[in-house]
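Structure file run-v3.txt; described as compact mmCIF, C-alpha atoms and all ligand atoms.
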# COMPACT_ATOMS: atom_id res chain seq x y z
CA MET A 13 2.16 6.08 82.80
CA ASP A 14 5.45 6.00 80.93
CA LYS A 15 8.79 5.37 82.61
CA LYS A 16 10.90 6.23 79.59
CA PRO A 17 13.25 9.23 80.00
CA ILE A 18 12.65 12.81 78.90
CA GLY A 19 15.25 14.19 76.50
CA VAL A 20 16.63 17.65 77.21
CA PHE A 21 18.66 19.44 74.55
CA ASP A 22 20.88 22.49 74.47
CA SER A 23 23.75 23.63 72.28
CA GLY A 24 25.91 23.41 75.41
CA ILE A 25 25.86 23.87 79.09
CA GLY A 26 23.34 26.72 79.41
CA GLY A 27 20.35 24.38 79.16
CA LEU A 28 21.24 23.04 82.58
CA THR A 29 19.30 25.99 84.02
CA VAL A 30 16.19 24.50 82.38
CA LEU A 31 17.19 20.98 83.40
CA LYS A 32 17.46 22.10 87.03
CA GLU A 33 13.86 23.35 86.92
CA ILE A 34 12.67 20.11 85.32
CA MET A 35 14.39 18.10 88.05
CA GLU A 36 12.68 20.22 90.70
CA GLN A 37 9.22 20.08 89.17
CA LEU A 38 9.41 16.47 87.95
CA PRO A 39 11.70 14.73 90.49
CA GLY A 40 10.49 11.24 89.55
CA GLU A 41 11.41 11.48 85.86
CA ASP A 42 14.54 9.98 84.30
CA ILE A 43 16.26 12.41 81.95
CA VAL A 44 18.80 12.20 79.15
CA TYR A 45 20.58 15.52 78.58
CA PHE A 46 22.49 16.21 75.39
CA GLY A 47 24.69 19.31 75.06
CA ASP A 48 26.13 19.85 71.59
CA THR A 49 29.30 21.35 73.08
CA ALA A 50 31.44 20.70 70.00
CA ARG A 51 29.25 22.92 67.83
CA ILE A 52 28.22 25.74 70.18
CA PRO A 53 27.38 28.56 69.42
CA TYR A 54 24.18 27.94 67.48
CA GLY A 55 23.22 31.60 67.91
CA THR A 56 25.39 32.97 65.11
CA ARG A 57 24.57 30.23 62.57
CA SER A 58 22.05 30.12 59.73
CA LYS A 59 18.63 28.53 60.11
CA GLU A 60 19.66 25.62 57.83
CA VAL A 61 22.69 24.78 59.96
CA VAL A 62 20.75 25.08 63.24
CA ILE A 63 18.08 22.73 61.85
CA LYS A 64 20.72 20.22 60.72
CA TYR A 65 22.54 20.24 64.08
CA PHE A 66 19.32 20.10 66.05
CA PHE A 67 17.89 17.21 64.01
CA GLN A 68 21.11 15.23 64.55
CA SER A 69 20.82 15.90 68.28
CA VAL A 70 17.19 14.73 68.33
CA ARG A 71 18.16 11.57 66.42
CA PHE A 72 20.78 10.87 69.07
CA LEU A 73 18.30 11.42 71.92
CA LEU A 74 15.83 9.10 70.19
CA THR A 75 18.42 6.29 70.38
CA LYS A 76 18.05 6.62 74.17
CA GLY A 77 14.34 5.81 73.99
CA ILE A 78 13.03 9.23 75.11
CA LYS A 79 9.29 9.86 75.37
CA ALA A 80 9.40 13.65 74.83
CA ILE A 81 12.00 16.33 74.26
CA VAL A 82 12.51 19.69 75.93
CA VAL A 83 14.43 22.11 73.74
CA ALA A 84 16.22 24.15 76.36
CA CYS A 85 18.08 26.12 73.67
CA ASN A 86 16.40 29.39 72.64
CA THR A 87 18.07 29.48 69.23
CA ALA A 88 16.96 25.95 68.31
CA SER A 89 13.49 26.66 69.71
CA ALA A 90 13.27 29.82 67.60
CA LEU A 91 14.65 28.41 64.35
CA ALA A 92 13.96 24.68 64.26
CA MET A 93 10.85 23.86 66.29
CA GLU A 94 8.32 23.94 63.48
CA GLU A 95 10.46 21.75 61.24
CA ALA A 96 11.21 19.36 64.11
CA GLN A 97 7.55 18.98 64.95
CA LYS A 98 6.91 17.94 61.36
CA GLU A 99 9.91 15.58 61.25
CA PHE A 100 9.68 13.75 64.59
CA ASP A 101 6.70 11.95 66.04
CA ILE A 102 7.29 12.88 69.67
CA PRO A 103 6.13 15.77 71.88
CA ILE A 104 8.62 18.66 71.56
CA ILE A 105 8.49 21.47 74.10
CA GLY A 106 10.46 24.64 73.42
CA VAL A 107 11.28 27.69 75.55
CA ILE A 108 9.74 30.44 73.41
CA GLU A 109 6.06 30.07 74.27
CA PRO A 110 6.57 29.57 78.01
CA GLY A 111 8.99 32.55 78.06
CA ALA A 112 6.56 34.74 76.12
CA LYS A 113 3.72 33.83 78.49
CA ALA A 114 5.85 34.70 81.51
CA ALA A 115 6.76 38.08 79.98
CA VAL A 116 3.13 38.92 79.28
CA ALA A 117 2.25 37.97 82.86
CA ALA A 118 5.05 40.18 84.20
CA THR A 119 4.48 43.40 82.24
CA LYS A 120 2.31 46.22 83.50
CA ASN A 121 2.96 48.86 80.84
CA SER A 122 3.03 46.35 77.90
CA ILE A 123 6.55 47.43 76.93
CA ILE A 124 8.59 44.25 76.82
CA GLY A 125 12.26 43.72 76.02
CA VAL A 126 13.68 40.50 74.63
CA ILE A 127 17.39 39.72 74.51
CA GLY A 128 18.95 36.66 72.90
CA THR A 129 21.35 35.47 70.24
CA GLU A 130 21.28 36.97 66.76
CA GLY A 131 19.45 33.86 65.52
CA THR A 132 16.74 34.10 68.17
CA ILE A 133 16.12 37.85 67.88
CA ASN A 134 16.29 37.99 64.08
CA SER A 135 13.83 35.07 63.81
CA ASN A 136 11.19 37.23 65.56
CA ALA A 137 9.96 34.09 67.35
CA TYR A 138 9.61 35.74 70.77
CA GLN A 139 8.26 38.96 69.30
CA SER A 140 5.49 37.28 67.31
CA THR A 141 4.53 34.91 70.13
CA ILE A 142 4.28 37.80 72.61
CA ARG A 143 2.25 39.82 70.11
CA LYS A 144 -0.20 36.95 69.70
CA LEU A 145 -0.74 36.88 73.46
CA LEU A 146 -0.79 40.66 73.91
CA PRO A 147 -1.53 42.45 70.62
CA SER A 148 -0.99 45.90 72.13
CA ALA A 149 2.54 45.07 73.30
CA GLU A 150 5.50 47.18 72.28
CA ILE A 151 8.43 44.77 71.94
CA ILE A 152 12.07 45.69 71.71
CA GLY A 153 14.34 42.83 70.66
CA ILE A 154 18.10 43.20 71.03
CA PRO A 155 20.71 40.58 70.06
CA CYS A 156 23.53 40.43 72.62
CA PRO A 157 26.08 38.07 71.02
CA LEU A 158 28.95 39.00 73.34
CA PHE A 159 27.08 37.80 76.42
CA VAL A 160 27.68 34.13 75.51
CA PRO A 161 31.52 34.26 75.53
CA ILE A 162 31.47 36.51 78.61
CA VAL A 163 29.51 33.87 80.54
CA GLU A 164 31.59 31.01 79.09
CA GLU A 165 34.65 32.83 80.42
CA GLY A 166 33.06 33.15 83.87
CA TRP A 167 33.13 36.97 83.61
CA GLU A 168 29.45 37.61 84.36
CA SER A 169 30.15 39.83 87.39
CA THR A 170 33.09 41.81 85.98
CA ASP A 171 33.45 45.34 84.58
CA VAL A 172 33.57 43.82 81.09
CA ALA A 173 30.09 42.36 81.61
CA TYR A 174 28.78 45.65 83.04
CA ILE A 175 30.12 47.82 80.23
CA THR A 176 28.87 45.37 77.59
CA ALA A 177 25.44 45.19 79.20
CA LYS A 178 25.25 48.99 79.36
CA LYS A 179 26.07 49.25 75.67
CA TYR A 180 23.48 46.64 74.64
CA LEU A 181 20.69 47.54 77.04
CA LEU A 182 20.61 51.34 77.04
CA GLU A 183 17.98 51.27 74.31
CA LEU A 184 15.68 49.24 76.58
CA LYS A 185 15.90 51.96 79.22
CA GLU A 186 15.07 54.62 76.65
CA HIS A 187 11.96 52.65 75.65
CA ASN A 188 10.91 52.31 79.27
CA VAL A 189 10.56 48.52 79.21
CA ASP A 190 9.25 47.08 82.46
CA SER A 191 9.97 43.41 81.76
CA LEU A 192 12.81 41.70 79.95
CA VAL A 193 12.96 38.14 78.64
CA LEU A 194 16.37 36.54 79.12
CA GLY A 195 15.95 34.71 75.81
CA CYS A 196 19.20 32.78 75.84
CA THR A 197 20.33 29.95 78.07
CA HIS A 198 23.55 31.79 78.90
CA TYR A 199 21.96 34.95 80.24
CA PRO A 200 20.59 33.97 83.68
CA PRO A 201 24.10 34.14 85.25
CA LEU A 202 24.22 37.80 84.06
CA ARG A 203 20.98 38.73 85.82
CA TYR A 204 22.62 40.77 88.59
CA THR A 205 24.67 42.76 86.10
CA ILE A 206 21.64 43.27 83.84
CA GLN A 207 19.51 44.34 86.80
CA LYS A 208 22.20 46.82 87.86
CA VAL A 209 22.12 48.39 84.40
CA LEU A 210 18.31 48.49 84.08
CA GLY A 211 17.35 49.20 87.67
CA ASP A 212 15.03 47.36 90.04
CA ASN A 213 11.81 48.38 88.28
CA VAL A 214 12.45 46.03 85.39
CA THR A 215 11.34 42.42 85.93
CA LEU A 216 13.73 39.88 84.46
CA VAL A 217 11.95 36.87 83.00
CA ASN A 218 13.80 33.56 82.90
CA PRO A 219 11.86 31.11 80.66
CA ALA A 220 13.36 28.07 82.47
CA TYR A 221 10.70 27.85 85.19
CA GLU A 222 7.77 28.24 82.80
CA THR A 223 9.29 25.75 80.37
CA ALA A 224 9.53 23.06 83.04
CA LYS A 225 5.92 23.81 83.98
CA ALA A 226 4.86 23.46 80.33
CA ALA A 227 6.75 20.16 80.04
CA LYS A 228 4.98 18.83 83.12
CA ARG A 229 1.61 19.85 81.72
CA VAL A 230 2.26 18.17 78.35
CA LEU A 231 3.39 14.93 80.00
CA GLN A 232 0.37 14.91 82.30
CA ASP A 233 -2.07 15.68 79.48
CA MET A 234 -0.62 12.91 77.31
CA ASN A 235 -0.45 10.44 80.18
CA LEU A 236 3.32 10.20 79.80
CA ILE A 237 4.27 10.92 83.41
CA SER A 238 6.42 8.22 85.07
CA GLY A 239 4.21 7.87 88.11
CA ARG A 240 7.23 8.07 90.43
CA LEU A 241 7.41 10.98 92.86
CA GLU A 242 11.18 10.91 93.35
CA GLY A 243 14.41 9.14 92.43
CA GLY A 244 14.67 10.24 88.79
CA LYS A 245 18.21 10.07 87.40
CA CYS A 246 19.94 12.02 84.65
CA ASP A 247 22.47 10.72 82.13
CA TYR A 248 24.54 13.36 80.35
CA PHE A 249 25.95 13.27 76.84
CA VAL A 250 28.09 15.89 75.11
CA SER A 251 29.79 16.17 71.73
CA ASP A 252 33.08 17.55 73.14
CA ASP A 253 35.29 17.13 76.22
CA PRO A 254 33.09 15.86 79.09
CA GLU A 255 35.48 17.10 81.82
CA LYS A 256 34.80 20.83 81.35
CA PHE A 257 31.06 20.17 81.17
CA LYS A 258 31.25 18.09 84.33
CA ARG A 259 33.04 20.84 86.26
CA ILE A 260 31.03 23.89 85.16
CA GLY A 261 27.77 21.94 84.93
CA GLY A 262 28.12 20.65 88.47
CA ASN A 263 28.28 24.28 89.67
CA ILE A 264 25.16 25.29 87.74
CA LEU A 265 23.19 22.28 88.96
CA ARG A 266 24.66 22.30 92.46
CA ARG A 267 24.96 18.55 92.23
CA GLN A 268 27.63 16.25 90.92
CA ILE A 269 27.49 15.05 87.35
CA THR A 270 28.48 11.39 87.49
CA SER A 271 27.23 9.69 84.35
CA ILE A 272 28.62 11.56 81.32
CA GLU A 273 29.77 10.37 77.91
CA LYS A 274 31.08 11.93 74.73
CA VAL A 275 29.15 11.04 71.57
CA GLU A 276 29.91 11.35 67.85
CA ILE A 277 27.05 13.39 66.48
CA GLU A 278 28.19 14.23 62.93
CA ASN A 279 27.04 11.05 61.22
CA LEU A 280 23.54 10.82 62.69
N1 LIG A 301 21.85 27.86 73.86
C1 LIG A 301 21.87 29.06 73.06
C2 LIG A 301 20.53 29.79 73.23
O1 LIG A 301 19.83 29.63 74.20
C3 LIG A 301 22.99 29.98 73.45
C4 LIG A 301 24.34 29.52 73.03
C5 LIG A 301 24.46 29.35 71.53
O2 LIG A 301 24.57 30.35 70.79
O3 LIG A 301 24.45 28.20 71.10
O4 LIG A 301 20.16 30.54 72.37
Written as structure tokens, how would this file's structure read?
Amino acid sequence: MDKKPIGVFDSGIGGLTVLKEIMEQLPGEDIVYFGDTARIPYGTRSKEVVIKYFFQSVRFLLTKGIKAIVVACNTASALAMEEAQKEFDIPIIGVIEPGAKAAVAATKNSIIGVIGTEGTINSNAYQSTIRKLLPSAEIIGIPCPLFVPIVEEGWESTDVAYITAKKYLLELKEHNVDSLVLGCTHYPPLRYTIQKVLGDNVTLVNPAYETAKAAKRVLQDMNLISGRLEGGKCDYFVSDDPEKFKRIGGNILRRQITSIEKVEIENL
């Protein structure tokens, strides 16, 4: 048994979709969430910069006495996990493997699409993990960089989102994909628009649920579970204005964000 909190990281607000799942599946765990809102997006940055930013974020979370860390950010999971596992002596759970497993479970024709930031797609992290699980898979990876600002602007259900999705996703239709990994924390709010473009026969895979399940399994296996069945609390930290995060985040979580603080991350 270990009552210390779990750290949850994202480059911003999108990781709250993963946090929500963790809260549902592990309601007795205390959590510390850090969103690197001052330095989002990670998705267009080089591997070196993503590693630097992510390591600083982990160092901050470690000051809060966390027992494990869930990397809710796809880009950091894709580009910095291996290095982080070497650098930090703490269980680190990313979104790539759980998302890949969910996609393999969902596909019937073994033609799988993956969408994400440029960093995530160009790293081939999802593609190679899926291929390990299902060697016969045909995988089509498409970076969709404009989806992040569209969601940040709250435009996920507008014509702009629909036209952009059509432009990015047409290729997936041509390849006849039957399952699509939403490989970026910002994409779940676009699921209705994406589904409209691809049609109902394509299963959209959100790695959040599987990631929370994987985190639970790791904590149980390592005997790190808190032992409480309810009453876990979450403290939030961000590197930019907490007010915007509080407002938008509250909507995503469907609960009020009360404890939130801005932190200086640059010097860690
Ligand atoms: N959190 C990032 C991801 O899941 C999306 C936003 C960004 O580019 O930082 O890849």
> Counting all atoms listed in the file, what is within 9 Å of region 59-67 of chain A, bar same-chain residues fewer than 3 positions away, as a list in words?
Replying inline: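 My reading of the contact set: Phe21, Asp22, Ser23, Asp48, Arg51, Tyr54, Gly55, Val70, Arg71, Phe72, Thr87, Ala88, Leu91, Ala92, Met93, Glu95, Ala96, Glu99, Phe100, Gly131, Ser135, Ile277, Glu278 and Leu280 of chain A.
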> Which residues form the shell of 9 Å around ligand LIG 301 (chain A) when you count all atoms listed in the file, given as a ChimeraX atom specification?
Replying inline: /A:22-27,48-49,51-57,84-90,107,128-132,157,160-161,195-199
> Which distance in Å separates CA of Ala80 (chain A) and CA of Ile18 (chain A), to one decimal?
Replying inline: 5.3 Å
> So which one's closest to Ala118 (chain A), A:Ser238, A:Asn213, A:Ser271, A:Ser191? Using only C-alpha atoms, please.
Replying inline: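 Checking each candidate against Ala118 (chain A), we get A:Ser191 as the closest.
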> Can you find the residues with an atom no farther than 12 Å from (30.4, 34.2, 82.8), counting only C-alpha atoms, and report them as a VMD selection string?
Replying inline: chain A and resid 25 to 26 158 to 174 197 to 205 260 264
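Between CA of Val214 (chain A) and CA of Ile175 (chain A) the interatomic distance comes to 18.5 Å.
Our summary of the geometry notes that CA of Leu181 (chain A) is positioned 21.2 Å from CA of Arg143 (chain A).
If you measure from each of A:Cys156, A:Ala137, A:Ala112, A:Ile81 to Ile206 (chain A) using all atoms listed in the file, the closest one turns out to be A:Cys156.
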> Out of A:Ile78, A:Glu150, A:Glu94, A:Leu210, which residue has the shortest atom-to-atom distance to Ala115 (chain A) when counting only C-alpha atoms?
Replying inline: A:Glu150
>> Around (3.1, 32.6, 83.0), as given in the file, which residues come within 12 Å? Count all atoms listed in the file and list them as JSON, numbers by chain.
In response: {"A": [108, 109, 110, 111, 112, 113, 114, 115, 116, 117, 118, 119, 142, 145, 217, 218, 219, 220, 221, 222, 223, 224, 225, 226]}
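The shortest atom-to-atom distance to Glu276 (chain A), with only C-alpha atoms taken into account, belongs to A:Ser251 out of A:Asn188, A:Ser251, A:Asn263, A:Gln97.
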>> Which residues are near Asp233 (chain A)? Cut-off 12 Å, all atoms listed in the file, ignore same chain within fewer than 6 positions. Put them as a ChimeraX atom specification.
In response: /A:13,103,226-227
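Compared by their closest atoms to Ile43 (chain A), and using only C-alpha atoms, the residues A:Ser69, A:Lys16, A:Leu194, A:Leu146 rank with A:Lys16 nearest.
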Since the input is missing atoms, can you rebuild all heavy atoms for region 19-30 of chain A and write them as an mmCIF file, keeping the file's coordinate frame?
data_model
loop_
_atom_site.group_PDB
_atom_site.id
_atom_site.type_symbol
_atom_site.label_atom_id
_atom_site.label_comp_id
_atom_site.auth_asym_id
_atom_site.auth_seq_id
_atom_site.Cartn_x
_atom_site.Cartn_y
_atom_site.Cartn_z
ATOM 1 N N GLY A 19 14.027 13.645 77.067
ATOM 2 C CA GLY A 19 15.250 14.190 76.500
ATOM 3 C C GLY A 19 15.301 15.690 76.705
ATOM 4 O O GLY A 19 14.283 16.371 76.558
ATOM 5 N N VAL A 20 16.462 16.204 77.090
ATOM 6 C CA VAL A 20 16.630 17.650 77.210
ATOM 7 C C VAL A 20 17.820 18.036 76.350
ATOM 8 O O VAL A 20 18.894 17.440 76.446
ATOM 9 C CB VAL A 20 16.864 18.087 78.679
ATOM 10 C CG1 VAL A 20 17.092 19.594 78.759
ATOM 11 C CG2 VAL A 20 15.681 17.690 79.557
ATOM 12 N N PHE A 21 17.602 19.034 75.488
ATOM 13 C CA PHE A 21 18.660 19.440 74.550
ATOM 14 C C PHE A 21 19.080 20.887 74.756
ATOM 15 O O PHE A 21 18.241 21.759 74.996
ATOM 16 C CB PHE A 21 18.167 19.273 73.098
ATOM 17 C CG PHE A 21 19.052 20.000 72.137
ATOM 18 C CD1 PHE A 21 20.256 19.446 71.744
ATOM 19 C CD2 PHE A 21 18.722 21.272 71.682
ATOM 20 C CE1 PHE A 21 21.122 20.142 70.902
ATOM 21 C CE2 PHE A 21 19.578 21.976 70.844
ATOM 22 C CZ PHE A 21 20.770 21.401 70.449
ATOM 23 N N ASP A 22 20.380 21.122 74.645
ATOM 24 C CA ASP A 22 20.880 22.490 74.470
ATOM 25 C C ASP A 22 22.136 22.435 73.606
ATOM 26 O O ASP A 22 22.750 21.373 73.470
ATOM 27 C CB ASP A 22 21.200 23.161 75.812
ATOM 28 C CG ASP A 22 21.660 24.601 75.619
ATOM 29 O OD1 ASP A 22 21.089 25.306 74.761
ATOM 30 O OD2 ASP A 22 22.620 25.048 76.297
ATOM 31 N N SER A 23 22.520 23.587 73.055
ATOM 32 C CA SER A 23 23.750 23.630 72.280
ATOM 33 C C SER A 23 24.964 23.463 73.199
ATOM 34 O O SER A 23 26.073 23.263 72.719
ATOM 35 C CB SER A 23 23.850 24.968 71.533
ATOM 36 O OG SER A 23 23.714 26.040 72.437
ATOM 37 N N GLY A 24 24.775 23.571 74.487
ATOM 38 C CA GLY A 24 25.910 23.410 75.410
ATOM 39 C C GLY A 24 25.449 23.212 76.826
ATOM 40 O O GLY A 24 24.566 22.402 77.104
ATOM 41 N N ILE A 25 26.033 24.038 77.661
ATOM 42 C CA ILE A 25 25.860 23.870 79.090
ATOM 43 C C ILE A 25 24.696 24.693 79.655
ATOM 44 O O ILE A 25 24.137 24.391 80.700
ATOM 45 C CB ILE A 25 27.200 24.263 79.770
ATOM 46 C CG1 ILE A 25 27.434 23.421 80.996
ATOM 47 C CG2 ILE A 25 27.309 25.735 80.048
ATOM 48 C CD1 ILE A 25 28.903 23.259 81.274
ATOM 49 N N GLY A 26 24.331 25.773 78.898
ATOM 50 C CA GLY A 26 23.340 26.720 79.410
ATOM 51 C C GLY A 26 21.993 26.084 79.719
ATOM 52 O O GLY A 26 21.283 26.495 80.635
ATOM 53 N N GLY A 27 21.640 25.033 78.966
ATOM 54 C CA GLY A 27 20.350 24.380 79.160
ATOM 55 C C GLY A 27 20.216 23.707 80.521
ATOM 56 O O GLY A 27 19.122 23.282 80.905
ATOM 57 N N LEU A 28 21.317 23.641 81.245
ATOM 58 C CA LEU A 28 21.240 23.040 82.580
ATOM 59 C C LEU A 28 20.358 23.872 83.516
ATOM 60 O O LEU A 28 19.822 23.351 84.486
ATOM 61 C CB LEU A 28 22.648 22.892 83.187
ATOM 62 C CG LEU A 28 23.561 21.898 82.466
ATOM 63 C CD1 LEU A 28 24.934 21.862 83.121
ATOM 64 C CD2 LEU A 28 22.957 20.497 82.455
ATOM 65 N N THR A 29 20.197 25.173 83.196
ATOM 66 C CA THR A 29 19.300 25.990 84.020
ATOM 67 C C THR A 29 17.849 25.504 83.849
ATOM 68 O O THR A 29 17.067 25.505 84.792
ATOM 69 C CB THR A 29 19.391 27.495 83.650
ATOM 70 O OG1 THR A 29 19.230 27.637 82.240
ATOM 71 C CG2 THR A 29 20.725 28.082 84.061
ATOM 72 N N VAL A 30 17.531 25.054 82.631
ATOM 73 C CA VAL A 30 16.190 24.500 82.380
ATOM 74 C C VAL A 30 16.090 23.098 83.006
ATOM 75 O O VAL A 30 15.103 22.746 83.646
ATOM 76 C CB VAL A 30 15.891 24.446 80.867
ATOM 77 C CG1 VAL A 30 14.527 23.828 80.596
ATOM 78 C CG2 VAL A 30 15.959 25.841 80.256
#
